[in-house]
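Data block below; observations after.
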Amino acid sequence: MTSISYLTNTLLPLHIRRFRPSLSTLSCSLASDVDPTPNSYFPKRGQTLELVCESLAFKGKGLCKVTQTGFVVLCDRALPGEHFIGRVTRKKGNYAEVTKVKTITPPRDIVDAPCVYAPYCGGCKTQNLSYEAQLRAKEEQVRDLLIHVGKFSLQHLQLHAVLKPIVPCRIQFHYRNKMEFSFGPQRWLPKESLQDRIVDDDTNENYALGLHAPGFFDKILNVDNCLLQSHPANKVLAAVQECWRDPQLGFSPYNVHSHKGFLKHLMLRTGRDVTTDQPEVMVNFVTSSYKPELLKFLVDKVSVFPEVVSVINNVNTSVGNTSVGEEEYTLYGKSSITETLRGLTFQISANSFFQTNTYQAEVLYKLIEDCAGVKGDDSEIVLDLFCGTGTIGLTLARSVRHVYGYEVVPQAITDARLNAKINGIQNATFVQGDLNKIDENFGKNFPKPDIVISDPNRPGMHIKLIKFLLNLRAPRIVYVSCNPATCARDLDYLCHGVVLCRKKRI
Ligand SMILES: C[S@@+](CC[C@H](N)C(=O)[O-])C[C@H]1O[C@@H](n2cnc3c(N)ncnc32)[C@H](O)[C@@H]1O
């Protein structure tokens, strides 16, 4: 009998968060300035509707239903309880998207968003919803997905106390240890501030460094300070903002349409010096070509901060928008920073995965240890799937016989091996491989595990891996997820079986 625990990262504050529609209902009525009820089930593009937001859905969008038909409508920045008029902008299969035209009654549980950019920024969409209400929305979302996608009954979830209460984070700001800002040739300004625009379009003052406007890969909201990242990281951002537009320095922001320009992204990571416990910051300039002499001014500018211990240059010559370069150079200090979790030290390089909220990672890893139910007699085998830099496996290694970790990114495997070494852990083996492409030989290189940890990224697990786990019948599986929708889907397969052919499940 396999016991499966699952942990979604509901522990985290809801900024930069993905949602999917929940399925409860709420009615809404038509007002006089709203288009009459359509004959069709599908609202038309441009049509205005009077709506009430009932919950938060995919990407933090407000979920509403058209009164007469129950048709699902999503609205960016509509919050639970808000009564508003929306205009249909997009139709997508079985739902439509609307933009808010006017609020009739404000949402429940609103608070003043502390960040000046909050009304426009693509980074935080629910900052003006109280944290308690954000937690409730997330909990409801996970429960609904487990019922409707995972096919668990509410009775089962309640009877067996499957769904445990959400664990809030003790801080709601300055918790992210990694932020990525983009450079762009034109600042994006929200419509309402266009009339106040004093910036001359012909000058380089118009260049932007910041976060993407909601839903746009090519529009950047200029940001001087971000409440999600650490204070030292904000000092670095301000220092770069202060100088990079100076024409004499010769920097050009990368244009995602013409594919011209030098500066692509500014990635800031914050860790901790394990001996002094002081913050240490890595600054990663992602550029379209390698020009260290050009970057020197910025490197000198940011390296004056004592917290900056590493300045990296990732060179990405592709037209894609990713920050991972084909080549990586260390321009100042070390090539990685450190952080401690559950008493272990971890090296973090520019592109390796590390849980983005260090405070909640500590809480999450403790929950994983509890759910894994390690006996502590050094007898058990752990299989750590999607192991990244080995953090979960290494925290368990201290009390088990051996840990086997699998991960696709070669640099992460190098880091995992190094992390084992610097923590004096010898009973961990890390293997690079693509878990979406496993074949019948997978499983022959390690003993049958007693505990499986699976922590996939957002798409969840490949069906081949699910089938492998179903056949493996390990006594305990701990599924860690950052996407409750794919987690619910995979839990359905793992707990109720996979349909092989015509209703036959294994
Ligand atoms: C959510 S992270 C978890 C990392 C690690 N468990 C931790 O807590 O730091 C998911 C990891 O899965 C890796 N990954 C994504 N797709 C993969 C695949 N097809 N095969 C193996 N690893 C994959 C990513 O590179 C990433 O390191």
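Residue numbering restarts at 1 for every chain of the structure tokens, chains are lettered A, B, ... in their displayed order, and ligands are numbered from 1 as they appear.
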
All alpha helix (DSSP H) positions in region 405-492 of chain A, as an NGL selection string: :A and (410-422 or 463-472 or 484-492)

Serialized selection, N, CA and C atoms, as an mmCIF file, in the first residue's frame:
```
data_model
loop_
_atom_site.group_PDB
_atom_site.id
_atom_site.type_symbol
_atom_site.label_atom_id
_atom_site.label_comp_id
_atom_site.auth_asym_id
_atom_site.auth_seq_id
_atom_site.Cartn_x
_atom_site.Cartn_y
_atom_site.Cartn_z
ATOM 1 N N PRO A 410 22.219 20.003 -16.303
ATOM 2 C CA PRO A 410 23.557 19.532 -15.897
ATOM 3 C C PRO A 410 24.178 20.394 -14.790
ATOM 4 N N GLN A 411 24.021 21.728 -14.892
ATOM 5 C CA GLN A 411 24.618 22.621 -13.881
ATOM 6 C C GLN A 411 24.026 22.351 -12.490
ATOM 7 N N ALA A 412 22.735 22.031 -12.464
ATOM 8 C CA ALA A 412 22.086 21.744 -11.170
ATOM 9 C C ALA A 412 22.675 20.470 -10.569
ATOM 10 N N ILE A 413 22.969 19.484 -11.428
ATOM 11 C CA ILE A 413 23.568 18.231 -10.937
ATOM 12 C C ILE A 413 24.981 18.496 -10.411
ATOM 13 N N THR A 414 25.742 19.349 -11.123
ATOM 14 C CA THR A 414 27.077 19.723 -10.640
ATOM 15 C C THR A 414 26.944 20.369 -9.263
ATOM 16 N N ASP A 415 25.965 21.288 -9.133
ATOM 17 C CA ASP A 415 25.750 21.970 -7.843
ATOM 18 C C ASP A 415 25.333 20.965 -6.763
ATOM 19 N N ALA A 416 24.469 20.003 -7.140
ATOM 20 C CA ALA A 416 23.988 19.025 -6.153
ATOM 21 C C ALA A 416 25.167 18.210 -5.610
ATOM 22 N N ARG A 417 26.061 17.797 -6.517
ATOM 23 C CA ARG A 417 27.236 17.001 -6.081
ATOM 24 C C ARG A 417 28.124 17.850 -5.176
ATOM 25 N N LEU A 418 28.301 19.117 -5.557
ATOM 26 C CA LEU A 418 29.122 20.028 -4.754
ATOM 27 C C LEU A 418 28.462 20.253 -3.386
ATOM 28 N N ASN A 419 27.145 20.415 -3.394
ATOM 29 C CA ASN A 419 26.417 20.624 -2.130
ATOM 30 C C ASN A 419 26.567 19.424 -1.201
ATOM 31 N N ALA A 420 26.556 18.222 -1.799
ATOM 32 C CA ALA A 420 26.768 17.016 -0.978
ATOM 33 C C ALA A 420 28.165 17.079 -0.360
ATOM 34 N N LYS A 421 29.132 17.472 -1.189
ATOM 35 C CA LYS A 421 30.527 17.498 -0.733
ATOM 36 C C LYS A 421 30.726 18.521 0.393
ATOM 37 N N ILE A 422 30.208 19.763 0.188
ATOM 38 C CA ILE A 422 30.490 20.784 1.214
ATOM 39 C C ILE A 422 29.762 20.504 2.520
ATOM 40 N N ILE A 463 3.409 11.138 -18.100
ATOM 41 C CA ILE A 463 2.631 9.915 -17.841
ATOM 42 C C ILE A 463 3.547 8.680 -17.712
ATOM 43 N N LYS A 464 4.694 8.706 -18.412
ATOM 44 C CA LYS A 464 5.633 7.564 -18.310
ATOM 45 C C LYS A 464 6.149 7.442 -16.879
ATOM 46 N N LEU A 465 6.419 8.588 -16.262
ATOM 47 C CA LEU A 465 6.943 8.584 -14.901
ATOM 48 C C LEU A 465 5.850 8.148 -13.914
ATOM 49 N N ILE A 466 4.632 8.586 -14.187
ATOM 50 C CA ILE A 466 3.506 8.177 -13.335
ATOM 51 C C ILE A 466 3.366 6.645 -13.392
ATOM 52 N N LYS A 467 3.436 6.101 -14.598
ATOM 53 C CA LYS A 467 3.285 4.640 -14.743
ATOM 54 C C LYS A 467 4.427 3.910 -14.042
ATOM 55 N N PHE A 468 5.633 4.498 -14.156
ATOM 56 C CA PHE A 468 6.778 3.904 -13.461
ATOM 57 C C PHE A 468 6.485 3.843 -11.957
ATOM 58 N N LEU A 469 5.964 4.952 -11.401
ATOM 59 C CA LEU A 469 5.696 4.991 -9.954
ATOM 60 C C LEU A 469 4.571 4.043 -9.569
ATOM 61 N N LEU A 470 3.575 3.905 -10.461
ATOM 62 C CA LEU A 470 2.475 2.977 -10.149
ATOM 63 C C LEU A 470 2.987 1.538 -10.079
ATOM 64 N N ASN A 471 3.893 1.218 -10.998
ATOM 65 C CA ASN A 471 4.455 -0.144 -10.994
ATOM 66 C C ASN A 471 5.450 -0.359 -9.857
ATOM 67 N N LEU A 472 6.128 0.729 -9.466
ATOM 68 C CA LEU A 472 7.167 0.638 -8.440
ATOM 69 C C LEU A 472 6.583 0.267 -7.074
ATOM 70 N N PRO A 484 -1.087 23.686 -8.417
ATOM 71 C CA PRO A 484 -2.088 22.774 -7.866
ATOM 72 C C PRO A 484 -2.925 22.068 -8.929
ATOM 73 N N ALA A 485 -3.013 22.633 -10.139
ATOM 74 C CA ALA A 485 -3.829 21.997 -11.180
ATOM 75 C C ALA A 485 -3.161 20.721 -11.690
ATOM 76 N N THR A 486 -1.870 20.803 -12.031
ATOM 77 C CA THR A 486 -1.202 19.593 -12.523
ATOM 78 C C THR A 486 -0.958 18.623 -11.366
ATOM 79 N N CYS A 487 -0.821 19.161 -10.159
ATOM 80 C CA CYS A 487 -0.679 18.286 -8.985
ATOM 81 C C CYS A 487 -1.956 17.454 -8.822
ATOM 82 N N ALA A 488 -3.120 18.114 -8.932
ATOM 83 C CA ALA A 488 -4.395 17.396 -8.773
ATOM 84 C C ALA A 488 -4.542 16.322 -9.850
ATOM 85 N N ARG A 489 -4.152 16.661 -11.075
ATOM 86 C CA ARG A 489 -4.220 15.678 -12.178
ATOM 87 C C ARG A 489 -3.337 14.461 -11.872
ATOM 88 N N ASP A 490 -2.093 14.741 -11.458
ATOM 89 C CA ASP A 490 -1.160 13.640 -11.196
ATOM 90 C C ASP A 490 -1.602 12.811 -9.993
ATOM 91 N N LEU A 491 -2.202 13.474 -8.995
ATOM 92 C CA LEU A 491 -2.674 12.726 -7.821
ATOM 93 C C LEU A 491 -3.824 11.804 -8.198
ATOM 94 N N ASP A 492 -4.650 12.266 -9.141
ATOM 95 C CA ASP A 492 -5.724 11.378 -9.612
ATOM 96 C C ASP A 492 -5.108 10.100 -10.187
#
```

Which residues are near ligand 1 - at most 6 Å, using only C-alpha atoms and all ligand atoms? Format: as a PyMOL selection string. chain A and resi 353-355+386-389+391-392+407-409+433-436+455-457

Prev. selection, N, CA and C atoms, output as a PDB file, in the first residue's frame:
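Below is the file part-v1.pdb, written as the result:
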```
ATOM      1  N   PHE A 353      18.099  26.138  -9.981  1.00  0.00           N
ATOM      2  CA  PHE A 353      16.832  26.335  -9.266  1.00  0.00           C
ATOM      3  C   PHE A 353      17.084  26.355  -7.767  1.00  0.00           C
ATOM      4  N   PHE A 354      16.458  27.301  -7.098  1.00  0.00           N
ATOM      5  CA  PHE A 354      16.455  27.315  -5.637  1.00  0.00           C
ATOM      6  C   PHE A 354      15.096  27.872  -5.240  1.00  0.00           C
ATOM      7  N   GLN A 355      14.449  27.265  -4.241  1.00  0.00           N
ATOM      8  CA  GLN A 355      13.128  27.748  -3.822  1.00  0.00           C
ATOM      9  C   GLN A 355      13.201  29.259  -3.619  1.00  0.00           C
ATOM     10  N   PHE A 386      13.297  15.180  -9.823  1.00  0.00           N
ATOM     11  CA  PHE A 386      13.354  16.633 -10.070  1.00  0.00           C
ATOM     12  C   PHE A 386      14.110  17.293  -8.914  1.00  0.00           C
ATOM     13  N   CYS A 387      15.325  16.797  -8.675  1.00  0.00           N
ATOM     14  CA  CYS A 387      16.041  17.156  -7.437  1.00  0.00           C
ATOM     15  C   CYS A 387      16.693  18.524  -7.478  1.00  0.00           C
ATOM     16  N   GLY A 388      16.771  19.188  -8.650  1.00  0.00           N
ATOM     17  CA  GLY A 388      17.437  20.499  -8.716  1.00  0.00           C
ATOM     18  C   GLY A 388      18.844  20.392  -8.173  1.00  0.00           C
ATOM     19  N   THR A 389      19.186  21.271  -7.225  1.00  0.00           N
ATOM     20  CA  THR A 389      20.543  21.265  -6.659  1.00  0.00           C
ATOM     21  C   THR A 389      20.640  20.311  -5.466  1.00  0.00           C
ATOM     22  N   THR A 391      18.631  19.880  -2.852  1.00  0.00           N
ATOM     23  CA  THR A 391      18.299  20.383  -1.515  1.00  0.00           C
ATOM     24  C   THR A 391      17.418  19.426  -0.697  1.00  0.00           C
ATOM     25  N   ILE A 392      16.359  18.898  -1.304  1.00  0.00           N
ATOM     26  CA  ILE A 392      15.452  18.047  -0.517  1.00  0.00           C
ATOM     27  C   ILE A 392      16.151  16.744  -0.135  1.00  0.00           C
ATOM     28  N   GLU A 407      17.641  14.776 -12.270  1.00  0.00           N
ATOM     29  CA  GLU A 407      17.410  16.169 -12.652  1.00  0.00           C
ATOM     30  C   GLU A 407      17.922  16.369 -14.079  1.00  0.00           C
ATOM     31  N   VAL A 408      17.241  17.243 -14.856  1.00  0.00           N
ATOM     32  CA  VAL A 408      17.624  17.400 -16.263  1.00  0.00           C
ATOM     33  C   VAL A 408      18.757  18.423 -16.480  1.00  0.00           C
ATOM     34  N   VAL A 409      18.865  19.438 -15.616  1.00  0.00           N
ATOM     35  CA  VAL A 409      19.844  20.513 -15.864  1.00  0.00           C
ATOM     36  C   VAL A 409      21.243  20.094 -15.377  1.00  0.00           C
ATOM     37  N   GLY A 433      19.427  13.539 -16.102  1.00  0.00           N
ATOM     38  CA  GLY A 433      18.584  12.814 -17.051  1.00  0.00           C
ATOM     39  C   GLY A 433      17.235  13.483 -17.181  1.00  0.00           C
ATOM     40  N   ASP A 434      16.604  13.217 -18.325  1.00  0.00           N
ATOM     41  CA  ASP A 434      15.296  13.815 -18.592  1.00  0.00           C
ATOM     42  C   ASP A 434      14.197  12.857 -18.134  1.00  0.00           C
ATOM     43  N   LEU A 435      13.457  13.252 -17.119  1.00  0.00           N
ATOM     44  CA  LEU A 435      12.427  12.354 -16.563  1.00  0.00           C
ATOM     45  C   LEU A 435      11.184  12.263 -17.450  1.00  0.00           C
ATOM     46  N   ASN A 436      11.157  13.063 -18.511  1.00  0.00           N
ATOM     47  CA  ASN A 436      10.056  12.916 -19.475  1.00  0.00           C
ATOM     48  C   ASN A 436      10.390  11.840 -20.501  1.00  0.00           C
ATOM     49  N   ASP A 455       9.152  16.484  -7.141  1.00  0.00           N
ATOM     50  CA  ASP A 455       8.954  17.945  -7.074  1.00  0.00           C
ATOM     51  C   ASP A 455       9.076  18.523  -8.480  1.00  0.00           C
ATOM     52  N   PRO A 456       8.118  18.189  -9.372  1.00  0.00           N
ATOM     53  CA  PRO A 456       8.251  18.634 -10.768  1.00  0.00           C
ATOM     54  C   PRO A 456       7.998  20.127 -10.920  1.00  0.00           C
ATOM     55  N   ASN A 457       8.370  20.693 -12.054  1.00  0.00           N
ATOM     56  CA  ASN A 457       7.994  22.075 -12.303  1.00  0.00           C
ATOM     57  C   ASN A 457       6.542  22.128 -12.802  1.00  0.00           C
TER      58      ASN A 457
END
```

Would you list the contacts of region 338-342 of chain A as JSON, numbers by chain, taking every protein, DNA or RNA residue within 8 Å and counting only C-alpha atoms, but skipping same-chain residues closer than 5 positions in sequence? {"A": [271, 272, 273, 274, 280, 347, 348, 358, 361, 362, 365, 366, 395]}

Within 12 Å of Gly123 (chain A) using only C-alpha atoms, minus same-chain residues under 5 positions, as an MDAnalysis selection string: chainID A and resid 14:18 59:60 115 117:118 176 179:181 210:216 220:221 223 226:229

Ala239 (chain A) environment, 8 Å, only C-alpha atoms, sequence neighbours closer than 3 positions dropped, as a count of residues only: 6

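Surrounding region 142-147 of chain A within 7 Å are Ser22, Leu23, Lys138, Glu139, Gly150, Lys151, Phe152, Ser153, Leu154, Pro484, Ala485 and Ala488 of chain A, with only C-alpha atoms counted and residues fewer than 3 positions along the same chain left out.
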
Write out as number ranges by chain which residues come within 12 Å of Leu295 (chain A) when counting only C-alpha atoms, dropping same-chain ones fewer than 5 positions away. A: 240, 244, 249-252, 262-263, 284-290, 300-302, 311-315, 329-332

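When CA of Thr105 (chain A) is paired with CA of Gly81 (chain A), their separation reads 8.2 Å.
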
Have a look at CA of Val283 (chain A) and CA of Val116 (chain A) and let me know their distance in Å, one decimal. 24.3 Å
